[in-house]
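**Q** Structure file input-v5.txt (compact mmCIF, N, CA and C atoms) right here:
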```
# COMPACT_ATOMS: atom_id res chain seq x y z
N MET A 1 66.88 104.11 89.26
CA MET A 1 68.12 104.84 89.27
C MET A 1 68.94 104.41 88.04
N PRO A 2 69.52 105.35 87.31
CA PRO A 2 70.32 105.00 86.12
C PRO A 2 71.60 104.26 86.52
N PRO A 3 72.14 103.45 85.59
CA PRO A 3 73.38 102.73 85.89
C PRO A 3 74.54 103.69 86.12
N LEU A 4 75.54 103.22 86.83
CA LEU A 4 76.70 104.04 87.18
C LEU A 4 77.41 104.58 85.95
N ARG A 5 77.47 103.80 84.87
CA ARG A 5 78.15 104.26 83.65
C ARG A 5 77.49 105.52 83.08
N ASP A 6 76.23 105.76 83.44
CA ASP A 6 75.52 106.96 82.99
C ASP A 6 75.58 108.09 84.02
N ARG A 7 76.29 107.86 85.12
CA ARG A 7 76.39 108.85 86.19
C ARG A 7 77.86 109.10 86.53
N ALA A 8 78.66 109.41 85.52
CA ALA A 8 80.10 109.58 85.72
C ALA A 8 80.42 110.64 86.77
N ASP A 9 79.57 111.64 86.91
CA ASP A 9 79.82 112.69 87.91
C ASP A 9 79.75 112.16 89.34
N ASP A 10 79.07 111.04 89.54
CA ASP A 10 78.96 110.47 90.88
C ASP A 10 80.18 109.66 91.28
N ILE A 11 80.97 109.24 90.31
CA ILE A 11 82.09 108.33 90.58
C ILE A 11 83.11 108.92 91.55
N PRO A 12 83.59 110.16 91.37
CA PRO A 12 84.54 110.70 92.35
C PRO A 12 83.97 110.77 93.77
N LEU A 13 82.70 111.14 93.89
CA LEU A 13 82.07 111.21 95.21
C LEU A 13 82.00 109.84 95.86
N LEU A 14 81.60 108.84 95.09
CA LEU A 14 81.51 107.48 95.61
C LEU A 14 82.90 106.95 95.98
N CYS A 15 83.88 107.22 95.13
CA CYS A 15 85.26 106.78 95.42
C CYS A 15 85.75 107.37 96.74
N ASN A 16 85.56 108.66 96.91
CA ASN A 16 85.99 109.32 98.15
C ASN A 16 85.28 108.74 99.37
N HIS A 17 83.99 108.48 99.22
CA HIS A 17 83.21 107.88 100.31
C HIS A 17 83.79 106.52 100.69
N TYR A 18 84.02 105.67 99.70
CA TYR A 18 84.54 104.33 99.99
C TYR A 18 85.97 104.36 100.51
N ILE A 19 86.79 105.27 100.00
CA ILE A 19 88.17 105.39 100.51
C ILE A 19 88.13 105.77 101.99
N THR A 20 87.30 106.73 102.33
CA THR A 20 87.17 107.13 103.74
C THR A 20 86.70 105.96 104.59
N GLN A 21 85.72 105.23 104.09
CA GLN A 21 85.18 104.08 104.81
C GLN A 21 86.27 103.02 105.05
N PHE A 22 87.04 102.68 104.01
CA PHE A 22 88.07 101.65 104.15
C PHE A 22 89.27 102.16 104.96
N ASN A 23 89.60 103.43 104.82
CA ASN A 23 90.66 104.00 105.67
C ASN A 23 90.31 103.82 107.14
N ASN A 24 89.07 104.16 107.49
CA ASN A 24 88.64 104.06 108.89
C ASN A 24 88.54 102.62 109.36
N ARG A 25 87.95 101.77 108.54
CA ARG A 25 87.73 100.38 108.94
C ARG A 25 89.02 99.57 109.00
N LEU A 26 89.94 99.83 108.06
CA LEU A 26 91.15 99.01 107.95
C LEU A 26 92.42 99.72 108.41
N ASN A 27 92.24 100.91 108.98
CA ASN A 27 93.38 101.71 109.46
C ASN A 27 94.41 101.95 108.34
N LEU A 28 93.93 102.44 107.20
CA LEU A 28 94.78 102.72 106.05
C LEU A 28 95.01 104.22 105.92
N SER A 29 95.87 104.59 104.98
CA SER A 29 96.15 106.00 104.72
C SER A 29 96.10 106.28 103.22
N ILE A 30 95.01 105.89 102.59
CA ILE A 30 94.82 106.18 101.17
C ILE A 30 94.41 107.65 101.05
N THR A 31 95.11 108.39 100.20
CA THR A 31 94.85 109.83 100.09
C THR A 31 93.93 110.20 98.93
N GLY A 32 93.66 109.25 98.04
CA GLY A 32 92.78 109.52 96.91
C GLY A 32 93.13 108.66 95.72
N ILE A 33 92.64 109.09 94.57
CA ILE A 33 92.85 108.38 93.31
C ILE A 33 93.46 109.35 92.32
N ASP A 34 94.52 108.93 91.63
CA ASP A 34 95.17 109.85 90.69
C ASP A 34 94.24 110.16 89.50
N ASP A 35 94.56 111.25 88.80
CA ASP A 35 93.69 111.74 87.72
C ASP A 35 93.52 110.73 86.60
N GLU A 36 94.58 110.04 86.23
CA GLU A 36 94.50 109.06 85.14
C GLU A 36 93.54 107.93 85.48
N THR A 37 93.59 107.46 86.71
CA THR A 37 92.71 106.38 87.15
C THR A 37 91.28 106.87 87.26
N MET A 38 91.09 108.08 87.73
CA MET A 38 89.73 108.63 87.81
C MET A 38 89.13 108.78 86.41
N LEU A 39 89.92 109.20 85.44
CA LEU A 39 89.46 109.28 84.05
C LEU A 39 89.09 107.88 83.55
N PHE A 40 89.92 106.90 83.85
CA PHE A 40 89.64 105.51 83.49
C PHE A 40 88.30 105.09 84.09
N PHE A 41 88.10 105.37 85.37
CA PHE A 41 86.84 105.02 86.04
C PHE A 41 85.65 105.69 85.37
N SER A 42 85.80 106.94 84.96
CA SER A 42 84.67 107.66 84.36
C SER A 42 84.28 107.09 83.00
N LYS A 43 85.20 106.38 82.33
CA LYS A 43 84.91 105.79 81.03
C LYS A 43 84.60 104.30 81.09
N TYR A 44 84.84 103.69 82.21
CA TYR A 44 84.63 102.26 82.37
C TYR A 44 83.13 101.96 82.41
N PRO A 45 82.67 100.82 81.84
CA PRO A 45 81.22 100.55 81.75
C PRO A 45 80.53 100.15 83.06
N TRP A 46 81.23 99.73 84.08
CA TRP A 46 80.66 99.39 85.39
C TRP A 46 79.44 98.49 85.30
N ALA A 47 79.63 97.30 84.75
CA ALA A 47 78.54 96.33 84.63
C ALA A 47 77.95 95.98 85.99
N GLY A 48 78.79 96.00 87.02
CA GLY A 48 78.33 95.68 88.37
C GLY A 48 77.85 96.89 89.15
N ASN A 49 77.76 98.03 88.47
CA ASN A 49 77.29 99.27 89.08
C ASN A 49 78.07 99.64 90.35
N VAL A 50 77.39 100.19 91.33
CA VAL A 50 78.05 100.72 92.52
C VAL A 50 78.74 99.61 93.32
N ARG A 51 78.16 98.43 93.33
CA ARG A 51 78.78 97.32 94.06
C ARG A 51 80.15 96.98 93.46
N GLU A 52 80.26 96.99 92.14
CA GLU A 52 81.55 96.73 91.50
C GLU A 52 82.55 97.83 91.85
N LEU A 53 82.12 99.08 91.81
CA LEU A 53 83.01 100.19 92.17
C LEU A 53 83.50 100.03 93.61
N ARG A 54 82.61 99.71 94.51
CA ARG A 54 82.99 99.51 95.92
C ARG A 54 84.03 98.40 96.04
N ASN A 55 83.80 97.29 95.36
CA ASN A 55 84.74 96.17 95.41
C ASN A 55 86.10 96.54 94.82
N VAL A 56 86.10 97.32 93.75
CA VAL A 56 87.35 97.76 93.13
C VAL A 56 88.12 98.67 94.09
N ILE A 57 87.42 99.58 94.73
CA ILE A 57 88.08 100.48 95.69
C ILE A 57 88.62 99.68 96.88
N GLU A 58 87.85 98.73 97.37
CA GLU A 58 88.33 97.91 98.49
C GLU A 58 89.57 97.12 98.08
N TYR A 59 89.54 96.55 96.88
CA TYR A 59 90.70 95.80 96.38
C TYR A 59 91.92 96.73 96.30
N ALA A 60 91.75 97.90 95.69
CA ALA A 60 92.86 98.84 95.52
C ALA A 60 93.40 99.29 96.88
N CYS A 61 92.51 99.54 97.83
CA CYS A 61 92.96 99.95 99.17
C CYS A 61 93.76 98.84 99.84
N SER A 62 93.35 97.60 99.65
CA SER A 62 94.08 96.50 100.28
C SER A 62 95.44 96.28 99.64
N ILE A 63 95.57 96.64 98.36
CA ILE A 63 96.85 96.53 97.66
C ILE A 63 97.76 97.71 98.04
N LYS A 64 97.22 98.91 98.01
CA LYS A 64 98.01 100.14 98.18
C LYS A 64 98.33 100.44 99.64
N ARG A 65 97.32 100.45 100.47
CA ARG A 65 97.41 100.70 101.91
C ARG A 65 97.80 102.13 102.31
N ILE A 66 98.57 102.83 101.47
CA ILE A 66 98.99 104.20 101.78
C ILE A 66 99.23 104.95 100.46
N GLY A 67 98.87 106.23 100.43
CA GLY A 67 99.11 107.05 99.23
C GLY A 67 97.95 107.05 98.25
N MET A 68 98.27 107.43 97.02
CA MET A 68 97.26 107.56 95.95
C MET A 68 97.06 106.23 95.23
N ILE A 69 95.82 105.91 94.95
CA ILE A 69 95.50 104.74 94.14
C ILE A 69 95.79 105.08 92.68
N THR A 70 96.48 104.18 92.00
CA THR A 70 96.80 104.35 90.59
C THR A 70 96.26 103.15 89.81
N GLN A 71 96.43 103.17 88.50
CA GLN A 71 95.95 102.06 87.68
C GLN A 71 96.63 100.74 88.04
N ARG A 72 97.82 100.81 88.57
CA ARG A 72 98.52 99.58 88.97
C ARG A 72 97.86 98.91 90.17
N ASP A 73 97.00 99.62 90.86
CA ASP A 73 96.36 99.10 92.06
C ASP A 73 94.97 98.54 91.81
N ILE A 74 94.46 98.67 90.61
CA ILE A 74 93.10 98.17 90.32
C ILE A 74 93.19 96.79 89.67
N PRO A 75 92.12 96.02 89.75
CA PRO A 75 92.15 94.65 89.23
C PRO A 75 92.46 94.59 87.72
N ASP A 76 93.22 93.58 87.33
CA ASP A 76 93.60 93.40 85.93
C ASP A 76 92.39 93.26 85.01
N TYR A 77 91.33 92.60 85.49
CA TYR A 77 90.19 92.37 84.60
C TYR A 77 89.62 93.66 84.03
N MET A 78 89.77 94.75 84.76
CA MET A 78 89.23 96.02 84.29
C MET A 78 89.93 96.47 83.02
N HIS A 79 91.21 96.21 82.92
CA HIS A 79 91.98 96.59 81.75
C HIS A 79 91.70 95.68 80.57
N LEU A 80 91.26 94.47 80.88
CA LEU A 80 91.07 93.46 79.84
C LEU A 80 89.62 93.28 79.44
N ASP A 81 88.72 93.99 80.08
CA ASP A 81 87.28 93.87 79.81
C ASP A 81 87.00 94.03 78.33
N SER A 82 86.34 93.05 77.73
CA SER A 82 86.06 93.08 76.29
C SER A 82 85.10 94.21 75.92
N ASN A 83 84.37 94.72 76.89
CA ASN A 83 83.45 95.83 76.62
C ASN A 83 84.13 97.19 76.71
N TYR A 84 85.38 97.19 77.15
CA TYR A 84 86.10 98.44 77.34
C TYR A 84 87.42 98.33 76.62
N LYS A 85 87.53 98.93 75.48
CA LYS A 85 88.70 98.73 74.60
C LYS A 85 89.54 99.98 74.42
N ASP A 86 89.56 100.88 75.36
CA ASP A 86 90.39 102.08 75.24
C ASP A 86 91.82 101.71 75.59
N SER A 87 92.58 101.26 74.58
CA SER A 87 93.92 100.75 74.83
C SER A 87 94.87 101.83 75.34
N SER A 88 94.57 103.09 75.11
CA SER A 88 95.46 104.15 75.59
C SER A 88 95.46 104.20 77.12
N MET A 89 94.43 103.68 77.74
CA MET A 89 94.34 103.69 79.19
C MET A 89 94.88 102.41 79.82
N CYS A 90 95.17 101.41 79.00
CA CYS A 90 95.57 100.10 79.50
C CYS A 90 97.06 100.06 79.80
N ILE A 91 97.43 99.69 81.03
CA ILE A 91 98.84 99.62 81.38
C ILE A 91 99.30 98.19 81.62
N VAL A 92 98.38 97.25 81.56
CA VAL A 92 98.73 95.87 81.82
C VAL A 92 99.22 95.22 80.54
N GLU A 93 100.40 94.64 80.59
CA GLU A 93 100.95 93.96 79.42
C GLU A 93 100.62 92.49 79.50
N ALA A 94 100.33 91.88 78.36
CA ALA A 94 99.98 90.47 78.32
C ALA A 94 101.07 89.61 78.94
N SER A 95 102.32 90.00 78.75
CA SER A 95 103.42 89.19 79.29
C SER A 95 103.44 89.19 80.82
N SER A 96 102.78 90.15 81.45
CA SER A 96 102.79 90.21 82.91
C SER A 96 101.65 89.42 83.53
N LEU A 97 100.74 88.90 82.69
CA LEU A 97 99.59 88.18 83.22
C LEU A 97 99.92 86.71 83.43
N SER A 98 99.38 86.15 84.48
CA SER A 98 99.55 84.74 84.75
C SER A 98 98.37 84.00 84.13
N VAL A 99 98.63 83.03 83.26
CA VAL A 99 97.53 82.37 82.57
C VAL A 99 97.39 80.90 82.94
N GLY A 100 98.24 80.38 83.79
CA GLY A 100 98.13 78.98 84.18
C GLY A 100 96.91 78.76 85.05
N THR A 101 96.26 77.61 84.90
CA THR A 101 95.04 77.37 85.67
C THR A 101 95.31 77.27 87.15
N SER A 102 96.47 76.75 87.55
CA SER A 102 96.75 76.66 88.98
C SER A 102 96.90 78.05 89.59
N SER A 103 97.55 78.98 88.87
CA SER A 103 97.72 80.32 89.43
C SER A 103 96.39 81.07 89.46
N ILE A 104 95.50 80.77 88.52
CA ILE A 104 94.18 81.42 88.53
C ILE A 104 93.41 80.98 89.76
N SER A 105 93.39 79.69 90.05
CA SER A 105 92.64 79.23 91.23
C SER A 105 93.28 79.74 92.52
N GLU A 106 94.63 79.84 92.56
CA GLU A 106 95.29 80.41 93.73
C GLU A 106 94.91 81.88 93.89
N ASN A 107 94.87 82.63 92.78
CA ASN A 107 94.49 84.04 92.85
C ASN A 107 93.05 84.19 93.31
N GLU A 108 92.15 83.33 92.82
CA GLU A 108 90.76 83.41 93.25
C GLU A 108 90.65 83.18 94.75
N SER A 109 91.39 82.20 95.26
CA SER A 109 91.36 81.92 96.70
C SER A 109 91.87 83.12 97.49
N TYR A 110 92.96 83.74 97.01
CA TYR A 110 93.52 84.91 97.69
C TYR A 110 92.52 86.07 97.69
N VAL A 111 91.93 86.33 96.53
CA VAL A 111 90.99 87.45 96.42
C VAL A 111 89.78 87.21 97.32
N GLN A 112 89.30 85.98 97.39
CA GLN A 112 88.15 85.69 98.25
C GLN A 112 88.48 85.94 99.71
N LYS A 113 89.74 85.72 100.10
CA LYS A 113 90.14 86.00 101.48
C LYS A 113 90.27 87.50 101.73
N VAL A 114 90.82 88.22 100.74
CA VAL A 114 91.05 89.65 100.90
C VAL A 114 89.76 90.42 100.78
N ILE A 115 88.92 90.04 99.81
CA ILE A 115 87.67 90.76 99.56
C ILE A 115 86.51 89.79 99.64
N PRO A 116 85.99 89.57 100.82
CA PRO A 116 84.84 88.66 100.94
C PRO A 116 83.62 89.25 100.24
N LEU A 117 82.92 88.41 99.49
CA LEU A 117 81.72 88.85 98.80
C LEU A 117 80.61 89.07 99.81
N GLN A 118 79.82 90.10 99.56
CA GLN A 118 78.73 90.39 100.52
C GLN A 118 77.41 90.06 99.92
```
Have the structure of the file written as structure tokens, please.

**A**
Amino acid sequence: MPPLRDRADDIPLLCNHYITQFNNRLNLSITGIDDETMLFFSKYPWAGNVRELRNVIEYACSIKRIGMITQRDIPDYMHLDSNYKDSSMCIVEASSLSVGTSSISENESYVQKVIPLQ
């Protein structure tokens, strides 16, 4: 099967599937993904393929809980990925990032609790 980055047409279908799954499992009310974020997803390299997409959707659902997922709801690393340099799509400002080592380890602990690895 080709990598997800080569199957951009599948991304909206997979996103909708995972949103429905997380809405049902976590009792959420996510209505979809806005057009700008879907365009971002279609251009993103998806090194982790479908598993990475699933984890991103789960993360966004846990942040948003209700309404449309936007770029503000997806993980920061996606905007900073060295393999993806479309700065017009990037909304994260360097000044808003936490770079201290203690905050990084705290964030890792939080993410591991919110999104357990499978």

**Q** One decimal, Å: what's the distance from atom CA of A:Gly67 over to atom CA of A:Pro45, could you say?

**A** 25.8 Å

**Q** In Å, rounded to a single decimal, give me how far atom CA of A:Met1 is from atom N of A:Ile19.

**A** 21.5 Å

**Q** Nearest to A:Met68 among A:Asn55, A:Leu26, A:Asn16, A:Thr31, with distances taken over all atoms listed in the file: which residue is it?

**A** A:Thr31

**Q** Report the distance between atom CA of A:Ile74 and atom CA of A:Trp46 in Å, rounded to one decimal place.

**A**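 So the two atoms, atom CA of A:Ile74 and atom CA of A:Trp46, lie 13.4 Å apart.
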
**Q** Which of stretch 6-92 of chain A end up as helix (DSSP H, G or I) when DSSP is run on this backbone - answer as a ChimeraX atom specification?

**A** /A:6,10-26,35-43,49-64,71-73,76-80,87-89

**Q** Counting only N, CA and C atoms, which residue out of A:Thr70, A:Glu52, A:Leu14, A:Ser62 sits closest to A:Glu36?

**A**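 Distance minimum relative to A:Glu36 lands on A:Thr70.
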
**Q** Pick from A:Ile30, A:Lys43, A:Tyr77, A:Asn49: nearest to A:Cys61, with all atoms listed in the file counted?

**A**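 Looking at the shortest contact to A:Cys61, the residue is A:Ile30.
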
**Q** Which residue gives the smallest distance to A:Tyr18 among A:Arg65, A:Leu80, A:Val50, A:Ile57, with all atoms listed in the file counted?

**A** A:Ile57

**Q** Excluding same-chain residues fewer than 3 positions from stretch 40-42 of chain A, what lies within 8 Å of it counting all atoms listed in the file, as a ChimeraX atom specification?

**A** /A:4-5,7-9,11-12,34-37,45-46,89

**Q** With N, CA, C and O atoms as the target, complete stretch 49-68 of chain A and hand it back as a short mmCIF file (atom, residue, chain, number, x, y, z; two decimals), in the frame of the given file.

**A**
```cif
data_model
loop_
_atom_site.label_atom_id
_atom_site.label_comp_id
_atom_site.auth_asym_id
_atom_site.auth_seq_id
_atom_site.Cartn_x
_atom_site.Cartn_y
_atom_site.Cartn_z
N ASN A 49 77.76 98.03 88.47
CA ASN A 49 77.29 99.27 89.08
C ASN A 49 78.07 99.64 90.35
O ASN A 49 79.27 99.42 90.42
N VAL A 50 77.39 100.19 91.33
CA VAL A 50 78.05 100.72 92.52
C VAL A 50 78.74 99.61 93.32
O VAL A 50 79.81 99.82 93.88
N ARG A 51 78.16 98.43 93.33
CA ARG A 51 78.78 97.32 94.06
C ARG A 51 80.15 96.98 93.46
O ARG A 51 81.11 96.73 94.19
N GLU A 52 80.26 96.99 92.14
CA GLU A 52 81.55 96.73 91.50
C GLU A 52 82.55 97.83 91.85
O GLU A 52 83.71 97.54 92.17
N LEU A 53 82.12 99.08 91.81
CA LEU A 53 83.01 100.19 92.17
C LEU A 53 83.50 100.03 93.61
O LEU A 53 84.69 100.17 93.89
N ARG A 54 82.61 99.71 94.51
CA ARG A 54 82.99 99.51 95.92
C ARG A 54 84.03 98.40 96.04
O ARG A 54 85.03 98.55 96.74
N ASN A 55 83.80 97.29 95.36
CA ASN A 55 84.74 96.17 95.41
C ASN A 55 86.10 96.54 94.82
O ASN A 55 87.14 96.12 95.34
N VAL A 56 86.10 97.32 93.75
CA VAL A 56 87.35 97.76 93.13
C VAL A 56 88.12 98.67 94.09
O VAL A 56 89.34 98.53 94.25
N ILE A 57 87.42 99.58 94.73
CA ILE A 57 88.08 100.48 95.69
C ILE A 57 88.62 99.68 96.88
O ILE A 57 89.74 99.91 97.33
N GLU A 58 87.85 98.73 97.37
CA GLU A 58 88.33 97.91 98.49
C GLU A 58 89.57 97.12 98.08
O GLU A 58 90.54 97.04 98.84
N TYR A 59 89.54 96.55 96.88
CA TYR A 59 90.70 95.80 96.38
C TYR A 59 91.92 96.73 96.30
O TYR A 59 93.00 96.39 96.78
N ALA A 60 91.75 97.90 95.69
CA ALA A 60 92.86 98.84 95.52
C ALA A 60 93.40 99.29 96.88
O ALA A 60 94.62 99.40 97.06
N CYS A 61 92.51 99.54 97.83
CA CYS A 61 92.96 99.95 99.17
C CYS A 61 93.76 98.84 99.84
O CYS A 61 94.77 99.12 100.50
N SER A 62 93.35 97.60 99.65
CA SER A 62 94.08 96.50 100.28
C SER A 62 95.44 96.28 99.64
O SER A 62 96.38 95.82 100.29
N ILE A 63 95.57 96.64 98.36
CA ILE A 63 96.85 96.53 97.66
C ILE A 63 97.76 97.71 98.04
O ILE A 63 98.93 97.54 98.34
N LYS A 64 97.22 98.91 98.01
CA LYS A 64 98.01 100.14 98.18
C LYS A 64 98.33 100.44 99.64
O LYS A 64 99.46 100.74 99.98
N ARG A 65 97.32 100.45 100.47
CA ARG A 65 97.41 100.70 101.91
C ARG A 65 97.80 102.13 102.31
O ARG A 65 97.42 102.60 103.35
N ILE A 66 98.57 102.83 101.47
CA ILE A 66 98.99 104.20 101.78
C ILE A 66 99.23 104.95 100.46
O ILE A 66 99.70 104.36 99.49
N GLY A 67 98.87 106.23 100.43
CA GLY A 67 99.11 107.05 99.23
C GLY A 67 97.95 107.05 98.25
O GLY A 67 96.82 106.73 98.60
N MET A 68 98.27 107.43 97.02
CA MET A 68 97.26 107.56 95.95
C MET A 68 97.06 106.23 95.23
O MET A 68 98.04 105.55 94.90
#
```
